[in-house]
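Written out below as structure tokens is the structure these notes cover.
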Amino acid sequence: MRGGDLASRSAPEAGSASPASESLARLERALGRASTTAERTFLQWLSPPSAEVRRLAPVRALLRSDVDGLSRRPGGEVGTIRLGAGRLAIAVGSRLHVASDDESEAPAGLAQSLVALASVGAAPVGAQIVVYAAGSWGRTSAVTGAALRAMSELAVRAGVPLLGSSLHFAPEYGDSVITDAIAIGWLPEGAGIEEERVPAPGDLVVALAGGPPDVPRSDAVVRLRRILADLARDRVPVLALPVGGASLLGPVLGAIGSHGLRLDGGGDIGSVQATVARGLDPSRGLVLVVPPDAAVHVEAAAADRGGRSSSLGAIEAEGDRVRLTGLGGRESGDLLLPIAVLRERPAPAHERPEPDDAGEGGELRLDQLPEPDDYERTLRQLLRTPNLASRRWLHERFDSYAGAATLLHPACGAGASILRLRDGGERVALALSGNPRFSALDPYVGFGIAVCEGIRSLATRGARATALAATARFGRGDDADTTARAEKGLAGLRDAARAFGLPCIALGTGTSRSDAEEPVGFPLFPTVGCIGSLERDPVTPWFKHAGDVVLLLGRSREEIGGSEFAAIVHGSTEGNPPWIDFEAERSLQELLLTAAERGLLRSARSLAGGGLALAVVESCCALPEGVEALGAHIRIDEGMRPDAWLFAESEARVLVSVRRESVAAMRELADTASVPFAAIGEVAAGMLEFGELISLELEELRKTWGDALGEALGAG
Amino acid sequence: MRWAVVAPEDSAFEADLLSVLRSVMQHRAEPARAAGDVDLADCVVLAGDAPWRESFVAEASCEESLAHAVAKRARRGALTLGIGEGFAALCALDLLPGEIVSNEPEAFVCAMTTMRVENAANPWAQRATVGDVWRMPLRTAAGRYRAEEAVLERLDRDGQVFLRFVPSPGEARANRVGSDRDIAGILNPGRNVLGLAVHPEHAADSTLLHVQWSGAPSGQRLFQSVAGWVEELLHQAPVDSQR
């Protein structure tokens with residue numbers, strides 16, 4: 001956004017239904033007259049920069065926050081929750097850029113999440129990232145490889161272990177590359193900067209950056225962390241507000257309550273805006289609200305650590321308005337803007353559709369698709385798909401050891417990373433999930449599935465989910481249809497969070513480059529982070545002993561809409577995604593936690609992309625160093641077509657292996673919890689067999705699945 | 001056993017070493033920020049990232065610097081361990097031959113890897129024998145050891161290769177960084193200076209599951225070896241003569 005450009009633009013056409021024109025109409029109603037060009041420019045500047053942010057805000061307010069020990073910062077990108085002898089801080093960051101950009105943009109989302117952690121004074125203990133990129137090979141592999149290198153370098157230099165990482169490819173992403181990051185940090189009791197500080201009239205609003213714009217993000221992040229630690233040590237009362245994903249001053253407006261805000265102009269509106277924008281790159285800086293007598297300490301601390309601080313304005317007693325002062329030239333006098341105009345729209349009220357609704361994606365009926373004539377070839381084809389191939393290649397490109405607390409390496413953690421906090425020894429689990437294809441077919445279901453899959457991933461490790469964090473992306477355009485779909489998605493997120501009684505500690509959306517001429521669009525989908533804790537060593541996801549019984553918990557249906565099988569084998573991305581049943585997910589979660597507590601589970605793995613077949617392959621092949629690979633003999637269910645049995649992606653299902661003598665106890669637990677239970681085979685040495693249809697040597701399986709991603713991305 | 005940890009201030013490198021040496025090994029360990037901080041150490045350990053290594057090495061020409069003090073002590077026979085970029089720093093300070101360069105193929109690698117102990121007659125392998133297989137993680141974009149052929153010949157001939165990458169069963173390649181002659185760690189002729197491309201501090205805590213599954217915690221053996229060596233020396237001779 002550039003002030004000069006904006007100032008020359010005319011107001012949106014009357015009658016337009018876009019949120020931007022709604023805001024303008026509200027401004028003119030509040031003023032009781034037509035707005036001036038400067039007022040419109042000021043409004044546009046202070047309004048959330050994208051429709052995405054506007055859509056996000058009301059939902060954030062609806063997500064549960066009435067949890068003891070939960071604290072969310074204005075702006076929403078970071079919050080803390082009590083855990084043991086301290087507090088766990090969770091922050092989100094996201095950055096979207098076009099593939100032609102410099103790859104140095106890629107780590108901005110990760111840096112943003114680390115800046116947000118620094119704002120609450122938390123030392124980072126780990127992060128997970130997801131990269132979404134186009135599925136057309138060639139340029140994608142180079143761009144993705146460069147993005148991964150850049151993020152790896154940032155994490156190493158900032159001393160943050162990347163506990164898990166994933167890639168998702170789809171042609172619909174076009175030239176866009178998005179990186180979502182969720183970072184967790186730790187605050188021992190009594191540490192951190194003053195959280196409860198309430199801004200008071202006279203307080204100064206200061207932009208704090210970790211150095212000039214050419215400083216690497218890793219250095220800026222470390223400097224910010226040190227500046228804020230110095231201020232905390234010296235008991236300087238500051239309120240630090242990250243600005244990622246929100247409007248330039250959105251978090252400040254959220255924090256000042258009934259007070260007003262004064263911004264000090266420098267001659268014209270464009271120069272003020274440019275100054276503020278430069279100072280507030282969310283991946284390199286944040287906003288501080290400080291008492292006037294503390295400003296000198298902030299300046300000194302910033303200078304001492306190589307950072308930069310600049311005053312933007314002050315909190316005013318006279319409430320509910322933003323005042324821009326110091327304008328010269330044609331726009332003489334102060335500009336006043338009622339804060340109410342900037343307030344958020346009412347929350348979306350989307351009613352959950354009934355299960356028998358046709359859905360948005362139309363039907364994709366299995367009986368209309370030919371059955372594969374060679375199941376072994378089909379399985380190999382799916383295992384080589386970048387979205388299903390082993391993530392080990394990716395995990396090995398990031399430092400997961402820094403911090404010496406990684407209890408379970410992400411390469412064998414089945415999507416959930418487990419770490420141990422150094423101070424208290426608490427074990428924390430983190431899982432990221434999100435399926436853009438399901439969200440595209442049905443936003444409500446897609447967003448809900450993302451929450452359910454994260455919770456299930458934690459439960460398979462024996463961890464109970466305690467909180468959520470998410471970044472959400474809402475698609476291109478600002479039209480009514482996009483808005484409606486976004487609201488459905490957010491309602492799915494809200495309902496899933498409520499169904500599990502989970503607070504959402506941090507919720508954000510991505511931003512394009514701050515200097516981009518036009519925002520870059522991207523399809524609708526969320527990345528959901530589930531955070532949990534566990535009191536014992538985690539249940540691990542690989543098969544342990546030949547002769548153990550393999551159980552499938554949960555109901556399998558012929559649901560192939562949106563599946564990798566439908567996309568890769570039949571070239572179809574149509575249909576309805578699998579249905580979500582929150583009650584079934586809750587029952588399954590409780591069953592898993594009880595079984596883990598009783599020590600019944602030898603292994604457990606959630607079913608997601610690739611269905612039952614991939615879960616079995618992963619249980620055989622995703623192993624830590626030094627562990628022997630085992631195969632399995634799995635029967636084919638006679639009540640379903642084999643391709644649906646093997647590859648459908650029905651939700652609320654988990655694959656576990658147990659000792660033979662534990663089967664009865666598991667059956668009893670499943671019956672009590674009303675969770676469908678089936679013994680589908682046994683762990684065996686040497687081969688993986690699915691009935692008479694598939695028989696593969698483990699070595700070939702490991703190679704096919706294990707090497708595919710590295711080969712697809714150039715093995716660089 | 002007293003360690004001086006030379007690493008970027010307040011970094012994960014520093015914190016991880018201090019935590020493992022203190023909590024897991026029950027040794028005394030303090031960060032070294034100035035030349036005087038290494039005076040009383042039984043062993044100095046260096047680790048960090050590339051920018052840290054560059055500035056650390058650049059300061060070595062200044063007699064008051066920490067780098068100068070570390071190099072001076074090492075040349076006098078003090079135990080000195082360089083890990084990752086710390087290994088690169090020891091090479092750049094001419095305390096070890098050769099150099100550490102970008103991995104081949106060029107990519108960051110973070111993975112547990114296997115190595116064979118090639119020389120056990122030194123302070124670093126008191127709890128090992130030649131041929132033992134150790135497992136420690138690589139975590140670097142630049143961990144490739146490279147030297148001229150004559151240097152490599154001499155290292156082999158004089159028993160200065162401490163650890164060499166060897167594939168574990170079923171593994172195609174253990175040398176993920178592309179080091180010459182699969183070298184993972186080398187000694188100086190006096191055996192008091194050791195450079196490691198791998199990270200013993202991440203293979204010492206057996207409560208971490210990846211350490212448990214990888215077998216005996218090799219990093220613990222290395223740290224125990226050094227402590228055993230120091231203790232033996234302390235029983236043999238007055239303290240001052242060892243430093």
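Identifiers in the structure tokens: chain A, B, ... in order shown; residue index from 1 per chain; ligand index from 1 in order shown.
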| query | What are the residues of chain A that have an atom within 9 Å of an atom of chain B, counting only C-alpha atoms, as JSON, numbers by chain? | reply | {"A": [149, 152, 153, 156, 157, 158, 159, 160, 395, 396, 397, 398, 399, 400, 401, 402, 403, 404, 405, 406, 407, 408, 409, 419, 420, 422, 537, 624, 625, 626, 627, 699, 715, 716]}
Output C-alpha atoms for every residue in the selection just made, as an mmCIF file, in the first residue's frame.
```
data_model
loop_
_atom_site.group_PDB
_atom_site.id
_atom_site.type_symbol
_atom_site.label_atom_id
_atom_site.label_comp_id
_atom_site.auth_asym_id
_atom_site.auth_seq_id
_atom_site.Cartn_x
_atom_site.Cartn_y
_atom_site.Cartn_z
ATOM 1 C CA ARG A 149 16.715 -23.442 2.425
ATOM 2 C CA SER A 152 16.133 -23.590 7.438
ATOM 3 C CA GLU A 153 18.745 -20.852 7.630
ATOM 4 C CA VAL A 156 19.195 -22.215 12.617
ATOM 5 C CA ARG A 157 20.326 -18.631 13.089
ATOM 6 C CA ALA A 158 17.420 -17.821 15.368
ATOM 7 C CA GLY A 159 18.113 -21.023 17.319
ATOM 8 C CA VAL A 160 14.626 -22.448 16.873
ATOM 9 C CA HIS A 395 12.364 -33.155 7.976
ATOM 10 C CA GLU A 396 16.057 -33.711 7.419
ATOM 11 C CA ARG A 397 16.353 -30.272 5.845
ATOM 12 C CA PHE A 398 15.435 -28.555 9.075
ATOM 13 C CA ASP A 399 17.162 -28.523 12.414
ATOM 14 C CA SER A 400 14.941 -30.394 14.802
ATOM 15 C CA TYR A 401 17.596 -30.859 17.487
ATOM 16 C CA ALA A 402 18.294 -27.276 18.545
ATOM 17 C CA GLY A 403 17.001 -26.775 22.033
ATOM 18 C CA ALA A 404 17.847 -30.347 23.016
ATOM 19 C CA ALA A 405 14.218 -31.001 23.815
ATOM 20 C CA THR A 406 12.907 -32.923 20.825
ATOM 21 C CA LEU A 407 11.537 -36.049 22.407
ATOM 22 C CA LEU A 408 10.168 -37.580 19.234
ATOM 23 C CA HIS A 409 11.775 -36.727 15.904
ATOM 24 C CA LEU A 419 9.150 -31.941 23.020
ATOM 25 C CA ARG A 420 10.133 -31.578 26.613
ATOM 26 C CA ARG A 422 13.676 -27.620 29.791
ATOM 27 C CA ASP A 537 6.363 -41.078 26.966
ATOM 28 C CA PRO A 624 13.730 -43.993 13.622
ATOM 29 C CA GLU A 625 17.360 -44.910 13.023
ATOM 30 C CA GLY A 626 18.210 -48.331 14.379
ATOM 31 C CA VAL A 627 14.687 -49.795 14.366
ATOM 32 C CA GLU A 699 12.616 -52.862 0.929
ATOM 33 C CA ALA A 715 17.092 -34.485 -4.407
ATOM 34 C CA GLY A 716 18.890 -31.270 -3.602
#
```
| Excluding same-chain residues fewer than 4 positions from stretch 612-614 of chain A, what lies within 8 Å of it counting only C-alpha atoms, as a ChimeraX atom specification? | /A:379,383,388,607,618,645-649,655
| message | According to DSSP computed on the backbone, where in stretch 87-208 of chain B is there strand (DSSP E)? Give the residues as an MDAnalysis selection string. | response | chainID B and resid 99:101 109:117 133:140 144:146 161:165 183:187 193:196
| query | Could you pull the residues within 7 Å of A:Ala181, counting only C-alpha atoms, minus those fewer than 6 positions along the same chain, as a ChimeraX atom specification? | reply | /A:92-94,109-110,113,127-130
| Skipping near chain neighbours, those fewer than 2 positions away, what residues fall within 6 Å of stretch 190-198 of chain B using only C-alpha atoms, listed as an NGL selection string? | :B and (77 or 79-84 or 87 or 122 or 137-138 or 143 or 184-188)
Residues from the last selection, N, CA and C atoms, saved as a tab-separated table (two decimals), in the first residue's frame:
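Contents of the output file out37.tsv:
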```
chain	number	residue	atom	x	y	z
B	77	GLY	N	48.44	-27.63	24.56
B	77	GLY	CA	48.04	-28.98	24.93
B	77	GLY	C	46.73	-29.09	25.67
B	79	LEU	N	42.79	-29.47	26.36
B	79	LEU	CA	41.74	-30.19	25.64
B	79	LEU	C	40.78	-29.18	25.00
B	80	THR	N	40.54	-29.36	23.71
B	80	THR	CA	39.70	-28.41	22.97
B	80	THR	C	38.86	-29.21	21.97
B	81	LEU	N	37.55	-29.00	22.06
B	81	LEU	CA	36.62	-29.73	21.21
B	81	LEU	C	35.84	-28.75	20.35
B	82	GLY	N	35.86	-28.93	19.05
B	82	GLY	CA	35.07	-28.09	18.14
B	82	GLY	C	33.96	-28.92	17.53
B	83	ILE	N	32.74	-28.43	17.64
B	83	ILE	CA	31.57	-29.16	17.11
B	83	ILE	C	30.96	-28.33	15.98
B	84	GLY	N	30.72	-28.96	14.85
B	84	GLY	CA	30.09	-28.25	13.74
B	84	GLY	C	30.92	-27.06	13.30
B	87	PHE	N	34.25	-26.92	14.78
B	87	PHE	CA	35.25	-27.69	14.03
B	87	PHE	C	35.84	-26.79	12.94
B	122	ASN	N	43.27	-41.88	22.76
B	122	ASN	CA	43.23	-40.42	22.93
B	122	ASN	C	42.24	-40.10	24.04
B	137	PRO	N	23.83	-37.04	15.69
B	137	PRO	CA	23.19	-36.35	14.57
B	137	PRO	C	24.10	-35.34	13.88
B	138	LEU	N	23.89	-35.24	12.58
B	138	LEU	CA	24.40	-34.10	11.81
B	138	LEU	C	23.32	-33.04	11.87
B	143	GLY	N	29.13	-29.13	6.64
B	143	GLY	CA	29.80	-30.07	7.53
B	143	GLY	C	30.76	-30.97	6.78
B	184	ALA	N	34.44	-37.91	9.73
B	184	ALA	CA	33.44	-37.23	10.57
B	184	ALA	C	34.09	-36.50	11.73
B	185	GLY	N	35.34	-36.82	12.03
B	185	GLY	CA	36.04	-36.15	13.12
B	185	GLY	C	37.53	-36.43	13.05
B	186	ILE	N	38.34	-35.40	13.33
B	186	ILE	CA	39.79	-35.58	13.30
B	186	ILE	C	40.45	-35.00	14.55
B	187	LEU	N	41.67	-35.50	14.80
B	187	LEU	CA	42.48	-35.06	15.94
B	187	LEU	C	43.69	-34.30	15.44
B	188	ASN	N	44.24	-33.48	16.30
B	188	ASN	CA	45.54	-32.88	15.96
B	188	ASN	C	46.64	-33.89	16.34
```
| field | Atomic separation - atom CA of A:Glu668 relative to atom CA of A:Arg536, Å | value |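 These atoms are spaced 23.4 Å apart.
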| query | What separation in Å, quoted to one decimal, exists between atom CA of A:Ala207 and atom CA of A:Gly76? | reply |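 Going from atom CA of A:Ala207 over to atom CA of A:Gly76, I get 18.2 Å.
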| request: Mind the document's chain letters and residue numbers, and return as number ranges by chain the residues of stretch 75-219 of chain B that DSSP labels alpha helix (DSSP H). | output: B: 75, 85-92, 149-157, 209-213, 218-219
| said: Excluding A:Glu535 and its own-chain neighbours fewer than 3 positions away, which residues fall within 9 Å of it when counting only C-alpha atoms? Please give them as a PyMOL selection string. | reply: chain A and resi 426-427+462-463+538
| field | Coordinates-based distance that separates atom CA of A:Val539 from atom CA of A:Ala122 (Å, one decimal) | value |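 Here the two named atoms are 28.5 Å from each other.
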| request: Could you give me, as a VMD selection string, the residues within 8 Å of A:Gly86, counting only C-alpha atoms and dropping anything in the same chain fewer than 6 positions from it? | output: chain A and resid 186 to 190 424
Give me a file of those residues, with N, CA and C atoms, as a PDB file, in the first residue's frame.
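Output file out-v5.pdb follows:
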```pdb
ATOM      1  N   TRP A 186       8.074 -20.682  25.726  1.00  0.00           N
ATOM      2  CA  TRP A 186       7.897 -21.028  27.141  1.00  0.00           C
ATOM      3  C   TRP A 186       8.241 -19.829  28.008  1.00  0.00           C
ATOM      4  N   LEU A 187       7.387 -19.584  28.978  1.00  0.00           N
ATOM      5  CA  LEU A 187       7.626 -18.536  29.965  1.00  0.00           C
ATOM      6  C   LEU A 187       7.609 -19.161  31.352  1.00  0.00           C
ATOM      7  N   PRO A 188       8.761 -19.269  31.991  1.00  0.00           N
ATOM      8  CA  PRO A 188       8.745 -19.748  33.375  1.00  0.00           C
ATOM      9  C   PRO A 188       7.951 -18.782  34.250  1.00  0.00           C
ATOM     10  N   GLU A 189       7.462 -19.283  35.354  1.00  0.00           N
ATOM     11  CA  GLU A 189       6.664 -18.451  36.266  1.00  0.00           C
ATOM     12  C   GLU A 189       7.391 -17.142  36.561  1.00  0.00           C
ATOM     13  N   GLY A 190       6.687 -16.041  36.397  1.00  0.00           N
ATOM     14  CA  GLY A 190       7.263 -14.737  36.722  1.00  0.00           C
ATOM     15  C   GLY A 190       8.074 -14.126  35.609  1.00  0.00           C
ATOM     16  N   GLY A 424      10.481 -27.109  33.302  1.00  0.00           N
ATOM     17  CA  GLY A 424       9.580 -27.897  34.126  1.00  0.00           C
ATOM     18  C   GLY A 424       9.564 -29.367  33.791  1.00  0.00           C
TER      19      GLY A 424
END
```
